[in-house]
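Source file upload.txt; content: compact mmCIF, C-alpha atoms.
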# COMPACT_ATOMS: atom_id res chain seq x y z
CA MET A 9 -189.95 19.05 -72.50
CA HIS A 10 -188.83 21.65 -74.98
CA ARG A 11 -188.42 21.27 -78.72
CA ARG A 12 -186.93 23.62 -81.25
CA LEU A 13 -189.86 22.89 -83.58
CA LEU A 14 -193.45 21.84 -83.13
CA LEU A 15 -193.38 18.64 -85.20
CA GLY A 16 -196.38 18.24 -86.62
CA THR A 17 -194.52 -12.65 -73.61
CA ALA A 18 -193.89 -9.94 -70.96
CA LEU A 19 -191.83 -10.21 -67.81
CA ALA A 20 -193.83 -10.72 -64.64
CA MET A 21 -194.45 -7.68 -62.45
CA PRO A 22 -192.31 -7.56 -59.31
CA ALA A 23 -194.16 -8.82 -56.27
CA LEU A 24 -193.56 -5.51 -54.52
CA ALA A 25 -195.73 -3.71 -57.09
CA ALA A 26 -198.43 -6.31 -57.39
CA ALA A 27 -202.16 -5.71 -57.23
CA GLY A 28 -202.29 -6.37 -53.51
CA ALA A 29 -200.02 -3.42 -52.88
CA SER A 30 -202.17 -1.33 -55.19
CA ARG A 31 -205.31 -2.14 -53.22
CA ALA A 32 -203.58 -1.06 -50.01
CA TRP A 33 -202.66 2.31 -51.50
CA SER A 34 -204.98 5.19 -50.65
CA LYS A 35 -203.75 8.02 -52.81
CA ALA A 36 -204.04 11.69 -51.99
CA LYS A 37 -207.45 13.07 -52.84
CA PRO A 38 -209.38 16.18 -51.83
CA THR A 39 -211.26 15.94 -48.55
CA PRO A 40 -213.58 18.43 -46.82
CA GLU A 41 -210.51 19.53 -44.85
CA ALA A 42 -208.41 20.29 -47.96
CA VAL A 43 -207.89 24.00 -48.52
CA SER A 44 -209.29 25.42 -51.75
CA LEU A 45 -206.63 27.24 -53.77
CA THR A 46 -209.12 29.04 -56.00
CA ASP A 47 -208.57 32.51 -54.54
CA MET A 48 -204.80 32.03 -54.47
CA LEU A 49 -204.58 30.87 -58.09
CA ARG A 50 -206.98 33.24 -59.83
CA PRO A 51 -204.76 36.38 -59.83
CA TYR A 52 -202.10 34.56 -61.87
CA LEU A 53 -204.48 34.23 -64.82
CA GLY A 54 -204.52 37.97 -65.44
CA SER A 55 -201.03 38.86 -64.26
CA HIS A 56 -199.32 36.21 -66.41
CA GLY A 57 -201.78 35.67 -69.26
CA LEU A 58 -202.68 32.08 -68.44
CA PRO A 59 -205.84 30.43 -69.83
CA ALA A 60 -205.99 28.01 -66.88
CA LEU A 61 -203.98 27.09 -63.79
CA ALA A 62 -204.15 24.16 -61.38
CA ALA A 63 -202.12 23.22 -58.29
CA GLY A 64 -202.02 20.71 -55.47
CA VAL A 65 -200.12 20.36 -52.19
CA VAL A 66 -199.51 17.05 -50.39
CA ARG A 67 -197.91 16.21 -47.04
CA GLY A 68 -197.64 12.71 -45.59
CA GLY A 69 -199.69 11.40 -48.49
CA ALA A 70 -202.65 13.65 -47.61
CA MET A 71 -203.92 16.44 -49.85
CA LEU A 72 -203.49 19.73 -47.99
CA ALA A 73 -204.77 22.03 -50.71
CA VAL A 74 -205.91 21.85 -54.32
CA GLY A 75 -207.55 24.03 -56.91
CA ALA A 76 -208.08 24.78 -60.59
CA VAL A 77 -209.14 28.05 -62.21
CA GLY A 78 -209.56 29.46 -65.68
CA SER A 79 -210.74 28.09 -68.99
CA ARG A 80 -209.97 25.02 -71.05
CA ARG A 81 -209.86 27.21 -74.14
CA THR A 82 -208.89 30.88 -74.22
CA GLY A 83 -211.82 33.15 -74.98
CA SER A 84 -214.36 30.54 -73.88
CA GLU A 85 -216.19 29.97 -70.62
CA ILE A 86 -215.45 26.25 -70.40
CA GLY A 87 -214.13 26.18 -66.85
CA VAL A 88 -211.47 23.77 -65.63
CA THR A 89 -211.78 21.42 -62.67
CA VAL A 90 -209.29 19.52 -60.52
CA LYS A 91 -210.21 16.39 -62.50
CA ASP A 92 -209.14 17.91 -65.83
CA ARG A 93 -206.10 16.43 -67.56
CA PHE A 94 -203.01 18.64 -67.96
CA HIS A 95 -199.95 17.82 -70.07
CA ILE A 96 -196.81 17.41 -67.93
CA GLY A 97 -194.12 17.17 -70.62
CA SER A 98 -190.69 16.23 -69.29
CA ASP A 99 -192.05 15.44 -65.84
CA THR A 100 -192.60 12.13 -67.65
CA LYS A 101 -188.85 11.49 -67.37
CA ALA A 102 -189.15 10.64 -63.67
CA MET A 103 -191.70 7.98 -64.60
CA THR A 104 -189.32 6.51 -67.18
CA SER A 105 -186.55 6.42 -64.57
CA LEU A 106 -188.85 4.68 -62.08
CA LEU A 107 -189.78 2.16 -64.76
CA ALA A 108 -186.09 1.50 -65.35
CA ALA A 109 -185.60 0.98 -61.61
CA THR A 110 -188.22 -1.79 -61.57
CA PHE A 111 -186.18 -3.74 -64.12
CA VAL A 112 -182.96 -3.12 -62.18
CA GLU A 113 -184.56 -4.51 -59.02
CA GLN A 114 -185.63 -7.59 -60.99
CA ASP A 115 -182.01 -8.09 -62.07
CA VAL A 116 -183.14 -7.83 -65.69
CA LEU A 117 -181.06 -4.67 -66.10
CA ARG A 118 -178.18 -3.02 -64.24
CA TRP A 119 -177.62 0.69 -63.82
CA THR A 120 -174.40 -0.02 -65.71
CA SER A 121 -176.08 -1.92 -68.56
CA THR A 122 -174.94 -0.42 -71.85
CA VAL A 123 -176.75 0.44 -75.05
CA GLY A 124 -174.64 -2.10 -76.93
CA GLU A 125 -175.46 -4.90 -74.47
CA VAL A 126 -179.22 -4.37 -74.43
CA LEU A 127 -179.59 -3.50 -78.11
CA ALA A 128 -177.00 -6.01 -79.29
CA ASP A 129 -178.61 -6.44 -82.71
CA MET A 130 -177.90 -2.75 -83.41
CA ALA A 131 -174.33 -2.72 -82.09
CA ASP A 132 -172.75 -3.36 -85.48
CA GLY A 133 -172.34 0.00 -87.14
CA MET A 134 -173.11 1.87 -83.91
CA ASN A 135 -170.81 4.65 -82.80
CA PRO A 136 -168.43 2.80 -80.42
CA GLU A 137 -168.80 5.52 -77.78
CA LEU A 138 -172.60 5.27 -77.91
CA ARG A 139 -172.35 1.50 -77.64
CA ASN A 140 -170.73 1.89 -74.19
CA VAL A 141 -173.20 4.48 -72.80
CA THR A 142 -174.89 3.19 -69.65
CA LEU A 143 -178.50 3.32 -68.48
CA THR A 144 -177.51 5.68 -65.65
CA GLN A 145 -175.83 8.03 -68.11
CA LEU A 146 -178.93 8.14 -70.31
CA LEU A 147 -181.22 8.89 -67.37
CA SER A 148 -178.91 11.55 -65.91
CA HIS A 149 -178.26 13.33 -69.24
CA THR A 150 -174.55 12.48 -69.01
CA SER A 151 -174.46 10.10 -72.00
CA GLY A 152 -172.65 12.54 -74.26
CA ILE A 153 -175.66 12.57 -76.60
CA PRO A 154 -176.14 16.23 -77.53
CA SER A 155 -179.13 18.31 -76.56
CA ASP A 156 -181.87 18.34 -79.17
CA ASN A 157 -180.30 19.37 -82.48
CA ASP A 158 -181.22 19.51 -86.16
CA ALA A 159 -180.32 15.85 -86.72
CA PHE A 160 -182.76 14.87 -83.95
CA GLY A 161 -185.45 17.18 -85.30
CA ASP A 162 -185.07 15.76 -88.80
CA LEU A 163 -185.47 12.23 -87.46
CA LEU A 164 -188.65 13.20 -85.63
CA VAL A 165 -190.11 14.52 -88.87
CA ARG A 166 -189.14 11.32 -90.66
CA SER A 167 -190.64 9.22 -87.86
CA LEU A 168 -194.08 10.56 -88.77
CA ALA A 169 -193.73 9.11 -92.27
CA GLN A 170 -192.78 5.56 -91.26
CA ASP A 171 -195.52 3.22 -92.41
CA GLY A 172 -196.87 0.28 -90.43
CA LEU A 173 -194.62 0.55 -87.37
CA ILE A 174 -196.04 0.36 -83.86
CA LEU A 175 -194.37 2.54 -81.26
CA ASP A 176 -191.75 0.12 -79.94
CA GLU A 177 -190.76 -0.68 -83.53
CA LEU A 178 -190.66 3.02 -84.32
CA ARG A 179 -188.33 3.68 -81.37
CA ALA A 180 -186.08 0.87 -82.56
CA TRP A 181 -186.08 2.52 -86.00
CA LEU A 182 -185.15 5.85 -84.42
CA VAL A 183 -182.20 4.28 -82.58
CA ARG A 184 -180.97 2.56 -85.74
CA GLU A 185 -181.09 5.82 -87.65
CA TRP A 186 -179.37 7.72 -84.81
CA ARG A 187 -176.71 5.18 -83.89
CA THR A 188 -173.94 6.59 -86.08
CA GLN A 189 -174.25 10.14 -84.74
CA PRO A 190 -171.19 11.50 -82.90
CA LEU A 191 -171.35 12.23 -79.19
CA ALA A 192 -170.88 15.80 -78.02
CA ALA A 193 -168.73 14.73 -75.03
CA PRO A 194 -167.23 11.53 -73.57
CA PRO A 195 -169.92 9.62 -71.65
CA GLY A 196 -170.18 10.53 -67.98
CA THR A 197 -168.33 13.84 -68.22
CA LYS A 198 -170.87 16.57 -69.01
CA PHE A 199 -174.55 17.39 -68.62
CA ALA A 200 -176.56 17.87 -71.82
CA TYR A 201 -180.36 17.71 -71.63
CA SER A 202 -181.27 15.14 -74.26
CA ASN A 203 -184.71 13.92 -75.26
CA MET A 204 -183.01 11.47 -77.61
CA GLY A 205 -181.21 10.00 -74.61
CA TYR A 206 -184.50 9.28 -72.84
CA THR A 207 -186.04 7.89 -76.02
CA LEU A 208 -183.07 5.53 -76.32
CA ALA A 209 -183.52 4.51 -72.68
CA GLY A 210 -187.17 3.80 -73.46
CA ALA A 211 -186.13 1.56 -76.36
CA MET A 212 -183.87 -0.37 -73.99
CA LEU A 213 -186.77 -0.85 -71.54
CA GLU A 214 -188.99 -2.03 -74.37
CA ARG A 215 -186.39 -4.60 -75.36
CA VAL A 216 -186.14 -6.16 -71.89
CA GLY A 217 -189.85 -5.70 -71.09
CA ARG A 218 -191.06 -7.05 -74.45
CA LYS A 219 -193.81 -4.45 -74.57
CA SER A 220 -194.07 -0.83 -75.63
CA TRP A 221 -192.96 1.85 -73.19
CA GLU A 222 -196.58 2.99 -72.94
CA GLU A 223 -197.78 -0.48 -71.92
CA LEU A 224 -194.97 -0.81 -69.39
CA ILE A 225 -195.66 2.60 -67.82
CA VAL A 226 -199.35 1.78 -67.48
CA GLU A 227 -198.57 -1.63 -65.97
CA ARG A 228 -195.76 -0.65 -63.62
CA VAL A 229 -196.48 2.99 -62.72
CA PHE A 230 -200.02 4.16 -63.53
CA THR A 231 -201.84 1.03 -62.34
CA PRO A 232 -200.16 0.47 -58.95
CA LEU A 233 -200.40 4.20 -58.17
CA ARG A 234 -204.01 4.31 -59.42
CA LEU A 235 -203.33 7.25 -61.73
CA ARG A 236 -206.57 6.65 -63.60
CA SER A 237 -206.57 9.94 -65.51
CA ALA A 238 -203.06 9.37 -66.87
CA GLY A 239 -202.54 8.93 -70.59
CA PHE A 240 -200.31 9.96 -73.48
CA GLY A 241 -200.26 12.71 -76.08
CA PRO A 242 -202.68 15.65 -76.31
CA GLN A 243 -204.73 15.87 -73.14
CA SER A 244 -208.02 16.48 -74.97
CA SER A 245 -209.85 14.00 -77.19
CA LEU A 246 -210.18 14.44 -80.95
CA GLY A 247 -213.00 16.82 -81.72
CA ARG A 248 -213.68 17.66 -78.09
CA VAL A 249 -212.69 20.27 -75.55
CA ASP A 250 -212.86 17.76 -72.71
CA ALA A 251 -209.57 18.92 -71.15
CA PRO A 252 -207.56 22.15 -71.06
CA LEU A 253 -206.26 22.69 -74.59
CA GLY A 254 -202.62 23.58 -74.95
CA HIS A 255 -202.03 27.04 -76.39
CA ARG A 256 -199.41 28.18 -78.85
CA ILE A 257 -198.05 31.72 -78.43
CA LEU A 258 -198.20 33.54 -81.77
CA THR A 259 -195.77 36.23 -82.87
CA ASP A 260 -198.18 38.99 -81.85
CA GLY A 261 -198.45 37.51 -78.36
CA SER A 262 -201.96 36.14 -78.83
CA LEU A 263 -202.79 32.55 -77.92
CA LYS A 264 -203.90 29.88 -80.37
CA PRO A 265 -205.78 26.94 -78.75
CA MET A 266 -204.51 23.62 -80.06
CA LEU A 267 -207.24 21.05 -80.50
CA ALA A 268 -206.17 17.41 -80.33
CA GLY A 269 -204.27 16.34 -83.43
CA PRO A 270 -200.72 15.91 -84.75
CA ALA A 271 -199.78 19.52 -83.91
CA ALA A 272 -201.03 19.36 -80.31
CA ASP A 273 -198.03 17.44 -78.92
CA ASN A 274 -194.58 16.11 -79.75
CA PRO A 275 -194.38 13.01 -81.97
CA PRO A 276 -195.36 9.96 -79.89
CA VAL A 277 -192.05 8.23 -80.65
CA ILE A 278 -190.38 10.34 -77.93
CA GLY A 279 -192.94 9.33 -75.30
CA PRO A 280 -190.30 8.26 -72.73
CA ALA A 281 -189.00 11.84 -72.75
CA GLY A 282 -192.33 13.55 -72.21
CA THR A 283 -195.85 12.80 -73.51
CA VAL A 284 -197.82 12.04 -70.32
CA HIS A 285 -200.94 13.92 -69.26
CA LEU A 286 -202.99 13.51 -66.07
CA SER A 287 -205.20 15.43 -63.66
CA ILE A 288 -203.74 17.71 -61.01
CA LEU A 289 -205.12 15.24 -58.43
CA ASP A 290 -203.14 12.37 -59.94
CA PHE A 291 -200.09 14.59 -60.51
CA ALA A 292 -200.17 15.48 -56.82
CA ALA A 293 -200.58 11.81 -55.87
CA TRP A 294 -197.55 10.92 -58.03
CA ALA A 295 -195.42 13.67 -56.47
CA GLY A 296 -196.61 12.86 -52.94
CA TRP A 297 -195.72 9.19 -53.35
CA ASN A 298 -192.24 10.19 -54.52
CA ALA A 299 -191.83 12.58 -51.60
CA GLY A 300 -192.62 9.69 -49.25
CA GLU A 301 -189.57 7.76 -50.53
CA GLY A 302 -191.05 4.42 -49.49
CA ARG A 303 -192.99 5.53 -46.41
CA ARG A 304 -196.26 4.37 -48.04
CA PRO A 305 -197.38 1.66 -50.44
CA PRO A 306 -197.37 0.65 -53.17
CA ARG A 307 -193.79 -0.52 -52.93
CA ILE A 308 -192.94 -0.30 -56.61
CA VAL A 309 -189.23 -0.19 -55.76
CA ARG A 310 -187.27 -0.25 -52.52
CA PRO A 311 -186.96 3.01 -50.53
CA GLU A 312 -183.22 3.14 -51.17
CA THR A 313 -183.90 2.94 -54.90
CA LEU A 314 -186.30 5.88 -54.74
CA ARG A 315 -183.66 7.85 -52.87
CA LYS A 316 -181.17 6.98 -55.59
CA LEU A 317 -183.52 8.39 -58.23
CA HIS A 318 -183.59 11.65 -56.23
CA THR A 319 -179.83 11.87 -55.60
CA LYS A 320 -177.72 14.22 -57.69
CA VAL A 321 -175.49 12.62 -60.31
CA ILE A 322 -174.05 15.73 -61.94
CA ASP A 323 -174.11 19.51 -61.68
CA VAL A 324 -176.22 21.41 -64.21
CA PRO A 325 -174.38 24.36 -65.77
CA ALA A 326 -176.14 27.67 -65.12
CA GLY A 327 -178.35 28.46 -68.09
CA PRO A 328 -180.38 31.61 -67.58
CA ASP A 329 -181.70 31.34 -71.13
CA ALA A 330 -182.77 27.69 -70.82
CA PRO A 331 -186.23 27.19 -72.35
CA PRO A 332 -189.10 26.71 -69.87
CA GLY A 333 -189.35 23.06 -68.91
CA THR A 334 -185.60 22.39 -69.08
CA PRO A 335 -183.08 22.45 -66.19
CA SER A 336 -181.14 25.70 -65.80
CA ARG A 337 -179.20 25.24 -62.54
CA GLY A 338 -178.58 22.95 -59.58
CA GLY A 339 -177.97 19.28 -60.18
CA TYR A 340 -179.57 16.41 -62.04
CA ALA A 341 -180.38 13.00 -60.60
CA LEU A 342 -182.29 10.28 -62.51
CA GLY A 343 -185.36 11.92 -64.01
CA TRP A 344 -185.33 14.61 -61.32
CA GLY A 345 -183.44 17.85 -60.73
CA VAL A 346 -182.03 18.93 -57.37
CA VAL A 347 -182.03 22.68 -56.69
CA SER A 348 -181.54 25.26 -53.96
CA VAL A 349 -184.01 28.15 -53.85
CA PRO A 350 -184.04 31.22 -51.60
CA TRP A 351 -187.41 30.34 -50.11
CA ALA A 352 -186.51 26.86 -48.81
CA GLU A 353 -183.90 25.97 -46.19
CA GLU A 354 -182.79 22.79 -47.93
CA ARG A 355 -182.47 21.56 -51.48
CA LEU A 356 -185.64 20.48 -53.24
CA VAL A 357 -186.14 17.68 -55.73
CA THR A 358 -187.94 19.07 -58.76
CA HIS A 359 -188.67 18.86 -62.46
CA ALA A 360 -190.55 20.87 -65.06
CA GLY A 361 -191.98 19.92 -68.41
CA SER A 362 -193.27 21.72 -71.48
CA ASN A 363 -194.15 20.80 -75.04
CA THR A 364 -194.18 24.60 -75.63
CA MET A 365 -198.01 24.66 -75.40
CA ASN A 366 -198.32 23.54 -71.77
CA LEU A 367 -196.13 23.79 -68.67
CA ALA A 368 -196.04 21.76 -65.46
CA MET A 369 -193.79 21.59 -62.40
CA ALA A 370 -193.36 19.20 -59.48
CA TRP A 371 -191.48 20.04 -56.25
CA LEU A 372 -190.56 17.54 -53.53
CA GLN A 373 -189.09 17.88 -50.06
CA PRO A 374 -188.62 14.23 -49.03
CA SER A 375 -187.26 15.09 -45.56
CA ARG A 376 -190.69 16.53 -44.73
CA ASP A 377 -192.71 14.15 -46.93
CA PHE A 378 -193.98 17.25 -48.72
CA ALA A 379 -194.81 17.84 -52.39
CA MET A 380 -196.49 20.44 -54.55
CA VAL A 381 -197.44 20.42 -58.23
CA MET A 382 -198.75 23.03 -60.64
CA ALA A 383 -199.74 23.09 -64.29
CA THR A 384 -201.03 25.48 -66.93
CA ASN A 385 -202.16 25.11 -70.53
CA VAL A 386 -199.68 27.51 -72.14
CA GLY A 387 -195.89 27.55 -72.31
CA GLY A 388 -193.38 30.35 -72.50
CA ALA A 389 -191.60 32.74 -70.16
CA LYS A 390 -194.71 34.21 -68.52
CA ALA A 391 -196.05 30.78 -67.66
CA ASP A 392 -192.65 29.78 -66.30
CA ALA A 393 -192.53 32.89 -64.10
CA ALA A 394 -196.07 32.24 -62.89
CA LEU A 395 -195.42 28.65 -61.82
CA LYS A 396 -192.16 29.55 -60.08
CA ALA A 397 -193.84 32.40 -58.20
CA LEU A 398 -196.71 30.10 -57.29
CA ALA A 399 -194.28 27.46 -56.03
CA GLU A 400 -192.75 29.99 -53.64
CA ALA A 401 -196.16 31.18 -52.47
CA LEU A 402 -197.41 27.64 -51.88
CA TYR A 403 -194.26 26.66 -50.03
CA ARG A 404 -194.38 29.71 -47.78
CA ARG A 405 -197.99 28.96 -46.90
CA PHE A 406 -197.91 25.17 -46.61
CA GLY A 407 -194.30 24.01 -46.61

Kindly transcribe the structure held in the file into structure tokens.
Amino acid sequence: MHRRLLLGTALAMPALAAAGASRAWSKAKPTPEAVSLTDMLRPYLGSHGLPALAAGVVRGGAMLAVGAVGSRRTGSEIGVTVKDRFHIGSDTKAMTSLLAATFVEQDVLRWTSTVGEVLADMADGMNPELRNVTLTQLLSHTSGIPSDNDAFGDLLVRSLAQDGLILDELRAWLVREWRTQPLAAPPGTKFAYSNMGYTLAGAMLERVGRKSWEELIVERVFTPLRLRSAGFGPQSSLGRVDAPLGHRILTDGSLKPMLAGPAADNPPVIGPAGTVHLSILDFAAWAGWNAGEGRRPPRIVRPETLRKLHTKVIDVPAGPDAPPGTPSRGGYALGWGVVSVPWAEERLVTHAGSNTMNLAMAWLQPSRDFAMVMATNVGGAKADAALKALAEALYRRFG
């Protein structure tokens, strides 16, 4: 996920995602047969100026290859491992879309549920066009809400000063403050990558789920998929270098390691748009489960629902100058992009994410039950080029 600034009684779980299904799930993990990617990854550190790099490849739910190289903190010798947590930015959006799908399958929400219906107490005074925006439009970036702009940035700054609000209350505050803003296009007509749109979708899920988005994601996504390393915000702990630190690129090109704190990630209020971190092992397990499209438990949603999440809704206008972590071509589904690349015979389902200090990518080929993921602890154009080149190299070797 890209920003213009670095700013400083619940519903029962669906039976199909219950603990029994979780116990039956054996997620991808390294085995003695898994190929080490160490030698393949290491050259990218020097050629692209990366502090650290990790990647994993999964087919049929089994880990084919995995590796992690480099340092948690530039200039140090604190090596990374495959168990280290990396920040995945807007790859979080696919998790938010899956969470929404669980409520749709419970008949608590519809894909056509509108902002005004779900947040009825805020409808008075809301822009009438925004009131009629649907859940599908929010998750496909076709709501008409503009891409991140100054009004959004100003609200994020103000969110940090709100006293005594827990996160679901803070998201409700954000929606109330935003609700009079004009749309940039009629809903359903144009693509505009909007972190506000996903934050609004998260507020809708909190309303029907009666818990914070974070609690719901843990309950309905992390727990059944056994993503035990997954969490929110900066990937390292306060005062510790216990994960790869994100790095900010300074004007002279040098890297500044960002210890955990307010400046190490986006404000937590926009969690549904991109604040998740997890290990490359768990990232690969997440991507591999998606690539299976219902072939393996846990059955969090029906296979046809997973396929819907991966099916293009709208074309993405070509944007060669799109910031790393944001879609620049192809199509957009629900939390996932759909792209054609020269090195694959068919379209791939993919997404990238960056808080400008980290970068991660996931690539799926559901027809072959194949997935690959990669992450680094710096953002920017060089990191973007590195991960795209690595994706091609991994696909040519394993795909």

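Using only C-alpha atoms, the shortest contact distance between Gly302 of chain A and any of A:Ala209, A:Val183, A:Pro374, A:Ser362 is found at A:Pro374.
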
Worksheet item: In Å to one decimal, how far is atom CA of Leu107 of chain A from atom CA of Leu233 of chain A?
Response: 12.7 Å

Worksheet item: Do you know which residues are at most 12 Å from Gly68 of chain A counting only C-alpha atoms, after dropping those on the same chain fewer than 6 positions away, and could you put them as a PyMOL selection string?
Response: chain A and resi 34-36+292-293+295-304+372-380+407

Expected file: the selected residues, C-alpha atoms, as an mmCIF file, in the frame of the given file:
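Saved file out37.cif follows:
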data_model
loop_
_atom_site.group_PDB
_atom_site.id
_atom_site.type_symbol
_atom_site.label_atom_id
_atom_site.label_comp_id
_atom_site.auth_asym_id
_atom_site.auth_seq_id
_atom_site.Cartn_x
_atom_site.Cartn_y
_atom_site.Cartn_z
ATOM 1 C CA SER A 34 -204.980 5.190 -50.650
ATOM 2 C CA LYS A 35 -203.750 8.020 -52.810
ATOM 3 C CA ALA A 36 -204.040 11.690 -51.990
ATOM 4 C CA ALA A 292 -200.170 15.480 -56.820
ATOM 5 C CA ALA A 293 -200.580 11.810 -55.870
ATOM 6 C CA ALA A 295 -195.420 13.670 -56.470
ATOM 7 C CA GLY A 296 -196.610 12.860 -52.940
ATOM 8 C CA TRP A 297 -195.720 9.190 -53.350
ATOM 9 C CA ASN A 298 -192.240 10.190 -54.520
ATOM 10 C CA ALA A 299 -191.830 12.580 -51.600
ATOM 11 C CA GLY A 300 -192.620 9.690 -49.250
ATOM 12 C CA GLU A 301 -189.570 7.760 -50.530
ATOM 13 C CA GLY A 302 -191.050 4.420 -49.490
ATOM 14 C CA ARG A 303 -192.990 5.530 -46.410
ATOM 15 C CA ARG A 304 -196.260 4.370 -48.040
ATOM 16 C CA LEU A 372 -190.560 17.540 -53.530
ATOM 17 C CA GLN A 373 -189.090 17.880 -50.060
ATOM 18 C CA PRO A 374 -188.620 14.230 -49.030
ATOM 19 C CA SER A 375 -187.260 15.090 -45.560
ATOM 20 C CA ARG A 376 -190.690 16.530 -44.730
ATOM 21 C CA ASP A 377 -192.710 14.150 -46.930
ATOM 22 C CA PHE A 378 -193.980 17.250 -48.720
ATOM 23 C CA ALA A 379 -194.810 17.840 -52.390
ATOM 24 C CA MET A 380 -196.490 20.440 -54.550
ATOM 25 C CA GLY A 407 -194.300 24.010 -46.610
#

Response to the item:
Judged by only C-alpha atoms, the minimum distance to Ser237 of chain A among A:Val277, A:Leu342, A:Val90, A:Ala200 is found for A:Val90

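For the pair atom CA of Ala193 of chain A and atom CA of Gln145 of chain A, the interatomic distance is 12.0 Å.
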
Reconstructed segment 358-374 of chain A, atom set N, CA and C atoms, as a PDB file, keeping the file's coordinate frame:
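Output saved as part_22.pdb:
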ATOM      1  N   THR A 358    -186.962  18.404 -57.901  1.00  0.00           N
ATOM      2  CA  THR A 358    -187.940  19.070 -58.760  1.00  0.00           C
ATOM      3  C   THR A 358    -187.767  18.671 -60.216  1.00  0.00           C
ATOM      4  N   HIS A 359    -188.779  18.960 -61.008  1.00  0.00           N
ATOM      5  CA  HIS A 359    -188.670  18.860 -62.460  1.00  0.00           C
ATOM      6  C   HIS A 359    -189.772  19.705 -63.067  1.00  0.00           C
ATOM      7  N   ALA A 360    -189.546  20.144 -64.291  1.00  0.00           N
ATOM      8  CA  ALA A 360    -190.550  20.870 -65.060  1.00  0.00           C
ATOM      9  C   ALA A 360    -190.668  20.220 -66.418  1.00  0.00           C
ATOM     10  N   GLY A 361    -191.784  20.487 -67.084  1.00  0.00           N
ATOM     11  CA  GLY A 361    -191.980  19.920 -68.410  1.00  0.00           C
ATOM     12  C   GLY A 361    -192.848  20.795 -69.269  1.00  0.00           C
ATOM     13  N   SER A 362    -192.477  20.918 -70.550  1.00  0.00           N
ATOM     14  CA  SER A 362    -193.270  21.720 -71.480  1.00  0.00           C
ATOM     15  C   SER A 362    -193.093  21.200 -72.888  1.00  0.00           C
ATOM     16  N   ASN A 363    -194.214  21.062 -73.603  1.00  0.00           N
ATOM     17  CA  ASN A 363    -194.150  20.800 -75.040  1.00  0.00           C
ATOM     18  C   ASN A 363    -194.324  22.099 -75.823  1.00  0.00           C
ATOM     19  N   THR A 364    -194.072  23.206 -75.166  1.00  0.00           N
ATOM     20  CA  THR A 364    -194.180  24.600 -75.630  1.00  0.00           C
ATOM     21  C   THR A 364    -195.608  25.120 -75.620  1.00  0.00           C
ATOM     22  N   MET A 365    -196.605  24.243 -75.439  1.00  0.00           N
ATOM     23  CA  MET A 365    -198.010  24.660 -75.400  1.00  0.00           C
ATOM     24  C   MET A 365    -198.631  24.459 -74.028  1.00  0.00           C
ATOM     25  N   ASN A 366    -197.903  23.808 -73.142  1.00  0.00           N
ATOM     26  CA  ASN A 366    -198.320  23.540 -71.770  1.00  0.00           C
ATOM     27  C   ASN A 366    -197.078  23.631 -70.896  1.00  0.00           C
ATOM     28  N   LEU A 367    -197.255  23.761 -69.596  1.00  0.00           N
ATOM     29  CA  LEU A 367    -196.130  23.790 -68.670  1.00  0.00           C
ATOM     30  C   LEU A 367    -196.568  23.209 -67.337  1.00  0.00           C
ATOM     31  N   ALA A 368    -195.728  22.368 -66.752  1.00  0.00           N
ATOM     32  CA  ALA A 368    -196.040  21.760 -65.460  1.00  0.00           C
ATOM     33  C   ALA A 368    -194.769  21.672 -64.632  1.00  0.00           C
ATOM     34  N   MET A 369    -194.913  21.715 -63.320  1.00  0.00           N
ATOM     35  CA  MET A 369    -193.790  21.590 -62.400  1.00  0.00           C
ATOM     36  C   MET A 369    -194.176  20.722 -61.208  1.00  0.00           C
ATOM     37  N   ALA A 370    -193.209  19.961 -60.720  1.00  0.00           N
ATOM     38  CA  ALA A 370    -193.360  19.200 -59.480  1.00  0.00           C
ATOM     39  C   ALA A 370    -192.195  19.546 -58.561  1.00  0.00           C
ATOM     40  N   TRP A 371    -192.492  19.712 -57.263  1.00  0.00           N
ATOM     41  CA  TRP A 371    -191.480  20.040 -56.250  1.00  0.00           C
ATOM     42  C   TRP A 371    -191.643  19.091 -55.073  1.00  0.00           C
ATOM     43  N   LEU A 372    -190.539  18.490 -54.640  1.00  0.00           N
ATOM     44  CA  LEU A 372    -190.560  17.540 -53.530  1.00  0.00           C
ATOM     45  C   LEU A 372    -189.600  17.977 -52.442  1.00  0.00           C
ATOM     46  N   GLN A 373    -190.004  17.751 -51.192  1.00  0.00           N
ATOM     47  CA  GLN A 373    -189.090  17.880 -50.060  1.00  0.00           C
ATOM     48  C   GLN A 373    -189.217  16.590 -49.252  1.00  0.00           C
ATOM     49  N   PRO A 374    -188.455  15.546 -49.658  1.00  0.00           N
ATOM     50  CA  PRO A 374    -188.620  14.230 -49.030  1.00  0.00           C
ATOM     51  C   PRO A 374    -188.394  14.232 -47.518  1.00  0.00           C
TER      52      PRO A 374
END
